[in-house]
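What follows is the content of input_8.cif, which has mmCIF, C-alpha atoms and all ligand atoms:
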data_start
loop_
_atom_site.label_atom_id
_atom_site.label_comp_id
_atom_site.auth_asym_id
_atom_site.auth_seq_id
_atom_site.Cartn_x
_atom_site.Cartn_y
_atom_site.Cartn_z
CA MET A 46 115.59 70.43 79.62
CA GLY A 47 114.12 73.78 78.51
CA LYS A 48 115.84 77.10 77.95
CA LYS A 49 117.95 78.27 80.88
CA ILE A 50 116.54 81.18 82.85
CA ARG A 51 118.83 84.05 83.76
CA ILE A 52 118.99 84.61 87.51
CA GLY A 53 120.29 87.72 89.26
CA ALA A 54 120.95 87.74 93.00
CA LEU A 55 121.18 90.37 95.71
CA ILE A 56 122.99 89.53 98.93
CA SER A 57 124.27 91.24 102.07
CA GLY A 58 126.49 88.65 103.70
CA GLY A 59 128.02 85.21 103.58
CA GLY A 60 125.91 83.91 100.74
CA THR A 61 125.37 80.28 101.70
CA ASN A 62 121.97 80.38 99.96
CA LEU A 63 123.63 81.94 96.94
CA GLN A 64 126.09 79.04 96.96
CA ALA A 65 123.25 76.51 97.11
CA ILE A 66 121.61 78.16 94.09
CA ILE A 67 124.86 78.31 92.11
CA ASP A 68 125.50 74.64 92.95
CA ALA A 69 121.99 73.65 91.82
CA CYS A 70 122.50 75.51 88.52
CA GLU A 71 125.90 73.86 88.02
CA ALA A 72 124.41 70.42 88.75
CA GLY A 73 121.59 71.00 86.26
CA GLU A 74 118.96 70.80 89.03
CA ILE A 75 117.81 74.29 88.06
CA ASP A 76 117.56 75.14 84.36
CA GLY A 77 119.28 78.41 85.04
CA GLU A 78 122.46 80.44 85.17
CA MET A 79 123.48 83.17 87.57
CA VAL A 80 124.09 86.36 85.58
CA PHE A 81 125.05 88.81 88.35
CA VAL A 82 125.40 89.10 92.10
CA GLY A 83 124.96 92.48 93.77
CA SER A 84 125.47 93.50 97.37
CA ASP A 85 124.39 96.42 99.53
CA SER A 86 127.57 96.20 101.56
CA PRO A 87 131.18 96.23 100.39
CA GLY A 88 133.16 93.13 101.25
CA ALA A 89 130.21 90.74 101.57
CA TYR A 90 131.71 87.26 101.32
CA GLY A 91 129.01 86.15 98.88
CA LEU A 92 130.65 88.41 96.27
CA GLU A 93 133.83 86.34 96.51
CA ARG A 94 131.80 83.16 96.08
CA ALA A 95 130.34 84.58 92.84
CA GLU A 96 133.70 85.74 91.53
CA LYS A 97 135.05 82.19 91.81
CA TYR A 98 132.53 81.22 89.11
CA GLY A 99 133.25 84.28 86.94
CA ILE A 100 129.83 85.76 87.77
CA PRO A 101 129.82 89.59 87.45
CA THR A 102 129.42 91.36 90.80
CA PHE A 103 128.72 94.89 92.03
CA THR A 104 128.12 96.74 95.27
CA VAL A 105 125.76 99.63 95.97
CA ASP A 106 126.86 100.95 99.35
CA TYR A 107 123.54 101.57 101.12
CA LYS A 108 125.20 102.81 104.31
CA ALA A 109 127.09 105.54 102.43
CA ILE A 110 123.92 106.59 100.59
CA ILE A 111 121.89 106.71 103.82
CA ARG A 112 124.67 108.81 105.40
CA ALA A 113 124.58 111.20 102.43
CA GLY A 114 120.83 111.57 103.02
CA GLY A 115 121.62 113.18 106.38
CA THR A 116 124.06 115.79 104.99
CA PRO A 117 123.22 119.30 103.65
CA GLU A 118 124.32 118.26 100.15
CA GLY A 119 121.70 115.54 100.33
CA LEU A 120 121.06 112.77 97.84
CA THR A 121 120.96 112.49 94.11
CA LEU A 122 117.42 111.30 93.52
CA PRO A 123 116.39 109.60 90.27
CA ASP A 124 114.40 111.86 87.90
CA ASP A 125 111.55 109.36 87.69
CA PHE A 126 111.07 109.06 91.46
CA ASP A 127 107.63 110.21 92.64
CA ILE A 128 107.77 110.31 96.43
CA GLY A 129 104.02 110.86 96.86
CA LYS A 130 103.27 107.78 94.78
CA ALA A 131 105.85 105.65 96.62
CA ALA A 132 104.49 106.77 100.01
CA ALA A 133 100.94 105.84 99.01
CA GLN A 134 101.99 102.46 97.56
CA GLN A 135 104.32 101.22 100.29
CA SER A 136 103.02 99.02 103.07
CA LEU A 137 106.21 98.81 105.11
CA PHE A 138 104.93 101.50 107.44
CA THR A 139 101.23 100.92 107.90
CA SER A 140 100.49 103.35 110.73
CA GLU A 141 102.28 106.35 109.16
CA LYS A 142 101.91 106.20 105.41
CA ASP A 143 103.40 109.59 104.60
CA SER A 144 105.34 111.11 107.52
CA ALA A 145 108.70 112.90 107.29
CA ARG A 146 110.35 109.69 108.52
CA VAL A 147 108.71 107.61 105.80
CA ARG A 148 109.68 110.19 103.16
CA ALA A 149 113.30 110.18 104.36
CA PHE A 150 113.32 106.37 104.20
CA LEU A 151 111.79 106.24 100.72
CA SER A 152 114.19 108.89 99.37
CA THR A 153 117.36 107.22 100.60
CA ARG A 154 116.11 103.87 99.33
CA ALA A 155 115.16 105.30 95.92
CA ALA A 156 118.69 106.71 95.57
CA ALA A 157 120.15 103.30 96.47
CA GLU A 158 117.66 101.38 94.33
CA ALA A 159 118.42 103.58 91.30
CA GLY A 160 122.03 102.51 91.84
CA LEU A 161 120.99 98.86 91.89
CA LEU A 162 118.89 99.23 88.73
CA GLU A 163 121.78 100.92 86.93
CA ALA A 164 124.24 98.23 88.01
CA MET A 165 121.82 95.46 86.96
CA ALA A 166 121.01 97.02 83.58
CA PRO A 167 123.82 95.33 81.61
CA TYR A 168 122.59 91.89 82.70
CA PRO A 169 119.05 91.10 81.55
CA PHE A 170 117.42 88.58 83.89
CA ASP A 171 114.25 86.52 84.24
CA LEU A 172 114.30 86.16 88.01
CA LEU A 173 115.84 88.19 90.82
CA VAL A 174 116.56 86.26 94.02
CA LEU A 175 117.15 87.94 97.35
CA ALA A 176 119.57 85.64 99.12
CA GLY A 177 120.16 87.09 102.56
CA PHE A 178 119.63 90.63 101.24
CA MET A 179 118.90 92.57 104.43
CA ARG A 180 117.18 95.61 102.89
CA ASN A 181 113.53 96.23 102.22
CA LEU A 182 112.90 97.05 98.58
CA THR A 183 110.41 99.85 97.92
CA PRO A 184 107.74 100.27 95.22
CA TYR A 185 110.21 102.38 93.20
CA PHE A 186 112.42 99.35 92.62
CA ILE A 187 109.75 96.66 92.64
CA ASP A 188 107.67 98.33 89.89
CA ARG A 189 110.72 98.64 87.67
CA VAL A 190 111.46 94.91 87.94
CA ASN A 191 107.91 93.54 88.06
CA THR A 192 106.66 95.04 84.85
CA ASP A 193 103.87 92.44 84.51
CA PRO A 194 101.74 92.45 87.71
CA ASP A 195 100.61 88.87 87.07
CA ARG A 196 104.18 87.60 86.84
CA PRO A 197 106.16 88.73 89.86
CA ARG A 198 109.83 87.92 89.50
CA ILE A 199 111.52 88.89 92.76
CA MET A 200 111.86 86.01 95.25
CA ASN A 201 113.01 86.17 98.83
CA ILE A 202 113.96 83.58 101.43
CA HIS A 203 112.97 84.28 104.99
CA PRO A 204 114.16 82.41 108.11
CA ALA A 205 110.72 81.81 109.67
CA LEU A 206 107.34 80.32 108.90
CA LEU A 207 105.67 83.41 107.48
CA PRO A 208 103.43 85.16 108.21
CA ALA A 209 104.93 84.63 111.68
CA PHE A 210 108.06 86.56 112.51
CA PRO A 211 108.74 88.86 109.56
CA GLY A 212 111.75 91.16 109.92
CA VAL A 213 115.45 90.82 110.41
CA ASP A 214 115.77 87.97 112.94
CA GLY A 215 113.35 85.19 112.03
CA TYR A 216 115.15 82.32 113.78
CA GLY A 217 115.87 84.44 116.86
CA ASP A 218 112.23 85.53 117.11
CA THR A 219 111.03 81.92 116.64
CA PHE A 220 113.41 80.65 119.32
CA ARG A 221 112.68 83.37 121.89
CA TYR A 222 108.94 82.87 121.46
CA GLY A 223 109.31 79.25 122.54
CA CYS A 224 107.98 77.78 119.30
CA LYS A 225 108.10 74.00 119.02
CA VAL A 226 108.70 74.15 115.28
CA GLY A 227 110.62 76.60 113.17
CA GLY A 228 110.98 76.90 109.46
CA CYS A 229 111.85 78.88 106.39
CA THR A 230 109.74 80.42 103.65
CA VAL A 231 110.34 81.38 100.03
CA HIS A 232 107.94 84.00 98.70
CA PHE A 233 107.53 86.60 95.99
CA ILE A 234 108.00 90.06 97.35
CA ASP A 235 105.31 92.71 97.42
CA TYR A 236 105.20 96.21 98.92
CA GLY A 237 105.13 94.98 102.52
CA GLU A 238 107.69 93.41 104.83
CA ASP A 239 107.98 89.66 104.06
CA SER A 240 104.28 89.70 103.15
CA GLY A 241 104.18 88.53 99.52
CA PRO A 242 102.64 85.31 98.19
CA ILE A 243 104.27 82.17 99.60
CA ILE A 244 105.89 79.71 97.17
CA GLY A 245 107.29 77.10 99.56
CA GLN A 246 108.02 76.37 103.20
CA LYS A 247 109.97 73.78 105.16
CA VAL A 248 109.60 72.98 108.85
CA PHE A 249 111.90 71.57 111.53
CA ALA A 250 111.31 70.53 115.14
CA ILE A 251 112.76 72.59 117.96
CA GLU A 252 113.68 70.14 120.70
CA GLU A 253 113.91 70.88 124.42
CA GLY A 254 117.46 72.07 125.05
CA ASP A 255 118.14 73.29 121.48
CA THR A 256 120.20 76.48 121.45
CA LEU A 257 119.59 79.37 119.08
CA GLU A 258 122.71 78.31 117.21
CA GLN A 259 121.28 74.81 116.72
CA VAL A 260 117.99 76.27 115.53
CA LYS A 261 119.86 78.38 112.95
CA VAL A 262 121.84 75.37 111.72
CA LYS A 263 118.64 73.32 111.30
CA GLY A 264 116.92 76.17 109.49
CA LEU A 265 119.76 77.08 107.15
CA SER A 266 120.23 73.50 105.96
CA LEU A 267 116.54 73.46 104.98
CA GLU A 268 116.91 76.83 103.22
CA TRP A 269 119.62 75.38 100.99
CA ALA A 270 117.14 72.76 99.75
CA LEU A 271 114.03 74.95 99.64
CA TYR A 272 115.36 77.89 97.63
CA PRO A 273 116.63 75.80 94.68
CA GLU A 274 113.35 73.82 94.67
CA CYS A 275 111.31 77.02 94.36
CA ILE A 276 113.58 78.46 91.67
CA ARG A 277 113.34 75.20 89.76
CA LEU A 278 109.53 75.51 89.76
CA PHE A 279 109.82 79.09 88.49
CA ALA A 280 112.23 77.99 85.75
CA ARG A 281 109.77 75.30 84.69
CA ASN A 282 106.96 77.85 84.51
CA ARG A 283 105.00 76.06 87.22
CA LEU A 284 104.23 79.03 89.48
CA LYS A 285 101.05 80.98 88.93
CA VAL A 286 99.90 83.87 91.10
CA VAL A 287 96.15 84.03 91.51
CA ARG A 288 94.10 86.61 93.38
CA THR A 289 91.21 85.15 95.32
CA ALA A 290 88.44 87.10 97.06
CA HIS A 291 87.33 85.72 100.44
CA VAL A 292 84.25 86.88 102.34
CA LEU A 293 85.17 87.12 106.02
CA GLU A 294 82.93 86.51 109.03
CA ASN A 295 82.40 90.25 109.45
CA GLY A 296 81.03 90.41 105.92
CA LYS A 297 84.04 92.27 104.52
CA THR A 298 85.81 90.94 101.44
CA MET A 299 89.54 90.28 101.51
CA VAL A 300 91.54 89.75 98.35
CA ARG A 301 94.71 87.73 98.72
CA ALA A 302 97.29 86.81 96.10
CA VAL A 303 98.49 83.23 96.46
CA VAL A 304 100.85 81.04 94.46
CA LYS A 305 99.44 77.95 92.81
CA ILE A 306 101.94 75.24 91.92
CA LEU A 307 100.91 73.83 88.59
CA PRO A 308 101.24 70.12 87.88
CA LYS A 309 104.11 69.00 85.68
CA GLY A 310 103.51 69.62 82.01
CA VAL A 311 101.02 72.48 82.53
CA ALA A 312 102.79 75.73 81.69
CA VAL A 313 101.41 79.08 82.85
C1 LIG A 401 119.41 83.34 105.78
O1 LIG A 401 119.05 82.69 106.97
C2 LIG A 401 118.20 84.04 105.19
O2 LIG A 401 117.01 83.36 105.38
C3 LIG A 401 118.22 85.34 105.98
O3 LIG A 401 119.56 85.70 106.08
C4 LIG A 401 120.37 84.51 106.06
C5 LIG A 401 121.39 84.69 104.98
O4 LIG A 401 122.33 83.65 105.00
N1 LIG A 401 117.46 86.35 105.32
C6 LIG A 401 116.75 87.28 105.95
O5 LIG A 401 116.68 87.35 107.17
C7 LIG A 401 116.02 88.25 105.06
N2 LIG A 401 115.21 89.12 105.83
P1 LIG A 401 123.30 83.44 103.76
O6 LIG A 401 123.95 84.79 103.45
O7 LIG A 401 124.31 82.47 104.28
O8 LIG A 401 122.51 82.92 102.62
#
With the file now loaded, output its structure as structure tokens.
Ligand code: GAR
Amino acid sequence: MGKKIRIGALISGGGTNLQAIIDACEAGEIDGEMVFVGSDSPGAYGLERAEKYGIPTFTVDYKAIIRAGGTPEGLTLPDDFDIGKAAAQQSLFTSEKDSARVRAFLSTRAAAEAGLLEAMAPYPFDLLVLAGFMRNLTPYFIDRVNTDPDRPRIMNIHPALLPAFPGVDGYGDTFRYGCKVGGCTVHFIDYGEDSGPIIGQKVFAIEEGDTLEQVKVKGLSLEWALYPECIRLFARNRLKVVRTAHVLENGKTMVRAVVKILPKGVAV
């Protein structure tokens, strides 16, 4: 076994994925240890799970910060926040890159993300996992974590087979659409919504008569296996992001970053 990687986690809720990752670390299935767990909402049950293992926790109350953004006193923005740059970089809002609404969003998020960065600072980490973290991270935060563009280190788990059904209700969207399979995806995050390079996916069948609740149960149980598997590959240095140019039928060139999984024994 190699050196253990240090893993930080951000959550918003119950933290069953967090639990699966902690369990995999404890069992030695991931060469890693959880060094902090942060939440955007006070009282998230995942924080209690972490505390049981003596893992440091913190909360940055996004709702309170967003509320402050709507008051005359306004927000305390970080000194190094460049709103023009963040607006140009982000691809969360593609049709309105730099409207007042986008600026308000980016400002409240930068205030919250500065809080996250400050709370994370005492705990150096190799990998940050989003485990049911229900907030979009903006370029302000992402650039301060991903300091090497060739080595992204923020992973997310999403409850759908991306690129289908990004957003907040992956299983619900899959179910309502009448899909015959559903799934979950682990990916590195980029500046868009659930759009970063895919690391792993698992698929389940949706049978006639399945309820949304049954679909969620099937999906979550696959998430608990998929997330640790992907983290294990990261810990073993087996994930490499490569950018490939593709010439499309219309003659235009598209560049896409994808994750290559290296064979055992070949480090990046
Ligand atoms: C999981 O289904 C995860 O895929 C989803 O939230 C749930 C969290 O459950 N994440 C997202 O929708 C992110 N956009 P958990 O708190 O029990 O791990």
Region 133-163 of chain A near region 98-104 of chain A within 12 Å: what's each residue's closest atom pair and its distance in Å to one decimal, counting only C-alpha atoms, ordered by chain then ascending residue number, as CSV?
residue,atom,partner,partner_atom,distance
A:Ala157,CA,A:Thr104,CA,10.4
A:Glu158,CA,A:Thr104,CA,11.5
A:Gly160,CA,A:Thr104,CA,9.1
A:Leu161,CA,A:Thr104,CA,8.2
A:Leu162,CA,A:Phe103,CA,11.2
A:Glu163,CA,A:Phe103,CA,10.5
Legend entry - Test item: residues lying within 9 Å of ligand LIG 401 (chain A) with all atoms listed in the file, as a PyMOL selection string: chain A and resi 56-65+89-91+175-181+201-205+211-216+229-231+238-239+261+264-265+268-269
With C-alpha atoms kept, could you save the residues just selected as a PDB file, keeping the file's coordinate frame?
ATOM      1  CA  ILE A  56     122.990  89.530  98.930  1.00  0.00           C
ATOM      2  CA  SER A  57     124.270  91.240 102.070  1.00  0.00           C
ATOM      3  CA  GLY A  58     126.490  88.650 103.700  1.00  0.00           C
ATOM      4  CA  GLY A  59     128.020  85.210 103.580  1.00  0.00           C
ATOM      5  CA  GLY A  60     125.910  83.910 100.740  1.00  0.00           C
ATOM      6  CA  THR A  61     125.370  80.280 101.700  1.00  0.00           C
ATOM      7  CA  ASN A  62     121.970  80.380  99.960  1.00  0.00           C
ATOM      8  CA  LEU A  63     123.630  81.940  96.940  1.00  0.00           C
ATOM      9  CA  GLN A  64     126.090  79.040  96.960  1.00  0.00           C
ATOM     10  CA  ALA A  65     123.250  76.510  97.110  1.00  0.00           C
ATOM     11  CA  ALA A  89     130.210  90.740 101.570  1.00  0.00           C
ATOM     12  CA  TYR A  90     131.710  87.260 101.320  1.00  0.00           C
ATOM     13  CA  GLY A  91     129.010  86.150  98.880  1.00  0.00           C
ATOM     14  CA  LEU A 175     117.150  87.940  97.350  1.00  0.00           C
ATOM     15  CA  ALA A 176     119.570  85.640  99.120  1.00  0.00           C
ATOM     16  CA  GLY A 177     120.160  87.090 102.560  1.00  0.00           C
ATOM     17  CA  PHE A 178     119.630  90.630 101.240  1.00  0.00           C
ATOM     18  CA  MET A 179     118.900  92.570 104.430  1.00  0.00           C
ATOM     19  CA  ARG A 180     117.180  95.610 102.890  1.00  0.00           C
ATOM     20  CA  ASN A 181     113.530  96.230 102.220  1.00  0.00           C
ATOM     21  CA  ASN A 201     113.010  86.170  98.830  1.00  0.00           C
ATOM     22  CA  ILE A 202     113.960  83.580 101.430  1.00  0.00           C
ATOM     23  CA  HIS A 203     112.970  84.280 104.990  1.00  0.00           C
ATOM     24  CA  PRO A 204     114.160  82.410 108.110  1.00  0.00           C
ATOM     25  CA  ALA A 205     110.720  81.810 109.670  1.00  0.00           C
ATOM     26  CA  PRO A 211     108.740  88.860 109.560  1.00  0.00           C
ATOM     27  CA  GLY A 212     111.750  91.160 109.920  1.00  0.00           C
ATOM     28  CA  VAL A 213     115.450  90.820 110.410  1.00  0.00           C
ATOM     29  CA  ASP A 214     115.770  87.970 112.940  1.00  0.00           C
ATOM     30  CA  GLY A 215     113.350  85.190 112.030  1.00  0.00           C
ATOM     31  CA  TYR A 216     115.150  82.320 113.780  1.00  0.00           C
ATOM     32  CA  CYS A 229     111.850  78.880 106.390  1.00  0.00           C
ATOM     33  CA  THR A 230     109.740  80.420 103.650  1.00  0.00           C
ATOM     34  CA  VAL A 231     110.340  81.380 100.030  1.00  0.00           C
ATOM     35  CA  GLU A 238     107.690  93.410 104.830  1.00  0.00           C
ATOM     36  CA  ASP A 239     107.980  89.660 104.060  1.00  0.00           C
ATOM     37  CA  LYS A 261     119.860  78.380 112.950  1.00  0.00           C
ATOM     38  CA  GLY A 264     116.920  76.170 109.490  1.00  0.00           C
ATOM     39  CA  LEU A 265     119.760  77.080 107.150  1.00  0.00           C
ATOM     40  CA  GLU A 268     116.910  76.830 103.220  1.00  0.00           C
ATOM     41  CA  TRP A 269     119.620  75.380 100.990  1.00  0.00           C
TER      42      TRP A 269
END
- Cut-off 8 Å around (100.7, 88.8, 100.8) with only C-alpha atoms: residues as a list in words: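 Counting only C-alpha atoms, I find these residues within 8 Å of (100.7, 88.8, 100.8): Asp235, Gly237, Ser240, Gly241, Pro242, Ile243, Arg301, Ala302 and Val303 of chain A.
Between Arg283 (chain A) and the residues A:Gly223, A:Pro308, A:Gly217, A:Gly115, the shortest atom-to-atom distance, using all atoms listed in the file, involves A:Pro308.
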Please, what distance in Å, to one decimal, runs between CA of Phe150 (chain A) and CA of Leu55 (chain A)?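 Those two atoms sit 19.7 Å apart.
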Taken to one decimal, the CA of Asp143 (chain A)-CA of Val190 (chain A) distance is 23.6 Å
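Using all atoms listed in the file, the protein and nucleic acid residues lying no more than 12 Å from Ile75 (chain A), apart from those fewer than 3 places from it along its own chain, are Met46, Gly47, Lys48, Lys49, Ile50, Arg51, Ile52, Ala65, Ile66, Ile67, Asp68, Ala69, Cys70, Glu71, Ala72, Glu78, Met79, Ala270, Tyr272, Pro273, Glu274, Cys275, Ile276, Arg277, Leu278, Phe279, Ala280, Arg281 and Asn282 of chain A.
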Legend entry - Between CA of Ala166 (chain A) and CA of Asn191 (chain A), distance in Å (one decimal):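 Between CA of Ala166 (chain A) and CA of Asn191 (chain A) the gap works out to 14.3 Å.
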task = Between A:Ser152, A:Thr192, A:Thr219, A:Ser86, single out the one closest to Tyr107 (chain A), counting only C-alpha atoms.
result =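 Between A:Ser152, A:Thr192, A:Thr219, A:Ser86, the residue approaching Tyr107 (chain A) most closely is A:Ser86.
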* **All residues 9 Å or closer to His291 (chain A), all atoms listed in the file, same chain fewer than 4 positions away omitted, as a list of chain:residue names** =>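 My list of contacting residues is A:Lys297, A:Thr298, A:Met299, A:Val300, A:Arg301.
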List as a count of residues only the protein and nucleic acid residues near Met200 (chain A), meaning an atom at most 8 Å away when all atoms listed in the file are counted, but skip any in the same chain fewer than 2 places from it. 10
Exercise for the section: Find the residues near Ile251 (chain A): any atom within 9 Å, counting only C-alpha atoms, skip ones fewer than 3 places away on the same chain, and give them as JSON, numbers by chain. Expected result: {"A": [220, 223, 224, 225, 226, 227, 254, 255, 259, 260, 263]}
When you count only C-alpha atoms, which of these residues is closest to Gly119 (chain A): A:Ala54, A:Ala209, A:Leu137, A:Ala149?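 With only C-alpha atoms as the atom set, the closest residue is A:Ala149.
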Using only C-alpha atoms, which of A:Val80, A:Ala156, A:Thr139, A:Gly53 sits nearest Arg112 (chain A)?
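Among the listed residues, A:Ala156 lies closest to Arg112 (chain A).
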Generate the coordinates of N, CA and C atoms for region 150-163 of chain A; report them as a compact mmCIF listing (two decimals), keeping the file's coordinate frame.
# COMPACT_ATOMS: atom_id res chain seq x y z
N PHE A 150 113.01 107.77 104.51
CA PHE A 150 113.32 106.37 104.20
C PHE A 150 113.19 106.12 102.70
N LEU A 151 112.05 106.53 102.14
CA LEU A 151 111.79 106.24 100.72
C LEU A 151 112.80 106.94 99.81
N SER A 152 113.23 108.15 100.21
CA SER A 152 114.19 108.89 99.37
C SER A 152 115.55 108.23 99.38
N THR A 153 116.03 107.85 100.57
CA THR A 153 117.36 107.22 100.60
C THR A 153 117.31 105.89 99.84
N ARG A 154 116.20 105.16 100.01
CA ARG A 154 116.11 103.87 99.33
C ARG A 154 116.00 104.05 97.81
N ALA A 155 115.26 105.08 97.37
CA ALA A 155 115.16 105.30 95.92
C ALA A 155 116.53 105.61 95.33
N ALA A 156 117.33 106.39 96.06
CA ALA A 156 118.69 106.71 95.57
C ALA A 156 119.49 105.41 95.47
N ALA A 157 119.39 104.57 96.49
CA ALA A 157 120.15 103.30 96.47
C ALA A 157 119.60 102.37 95.38
N GLU A 158 118.28 102.32 95.28
CA GLU A 158 117.66 101.38 94.33
C GLU A 158 117.93 101.81 92.88
N ALA A 159 118.04 103.12 92.66
CA ALA A 159 118.42 103.58 91.30
C ALA A 159 119.82 103.07 90.99
N GLY A 160 120.68 103.05 92.01
CA GLY A 160 122.03 102.51 91.84
C GLY A 160 121.98 101.02 91.51
N LEU A 161 121.12 100.30 92.18
CA LEU A 161 120.99 98.86 91.89
C LEU A 161 120.51 98.66 90.45
N LEU A 162 119.47 99.41 90.07
CA LEU A 162 118.89 99.23 88.73
C LEU A 162 119.94 99.53 87.65
N GLU A 163 120.74 100.56 87.90
CA GLU A 163 121.78 100.92 86.93
C GLU A 163 122.84 99.81 86.83
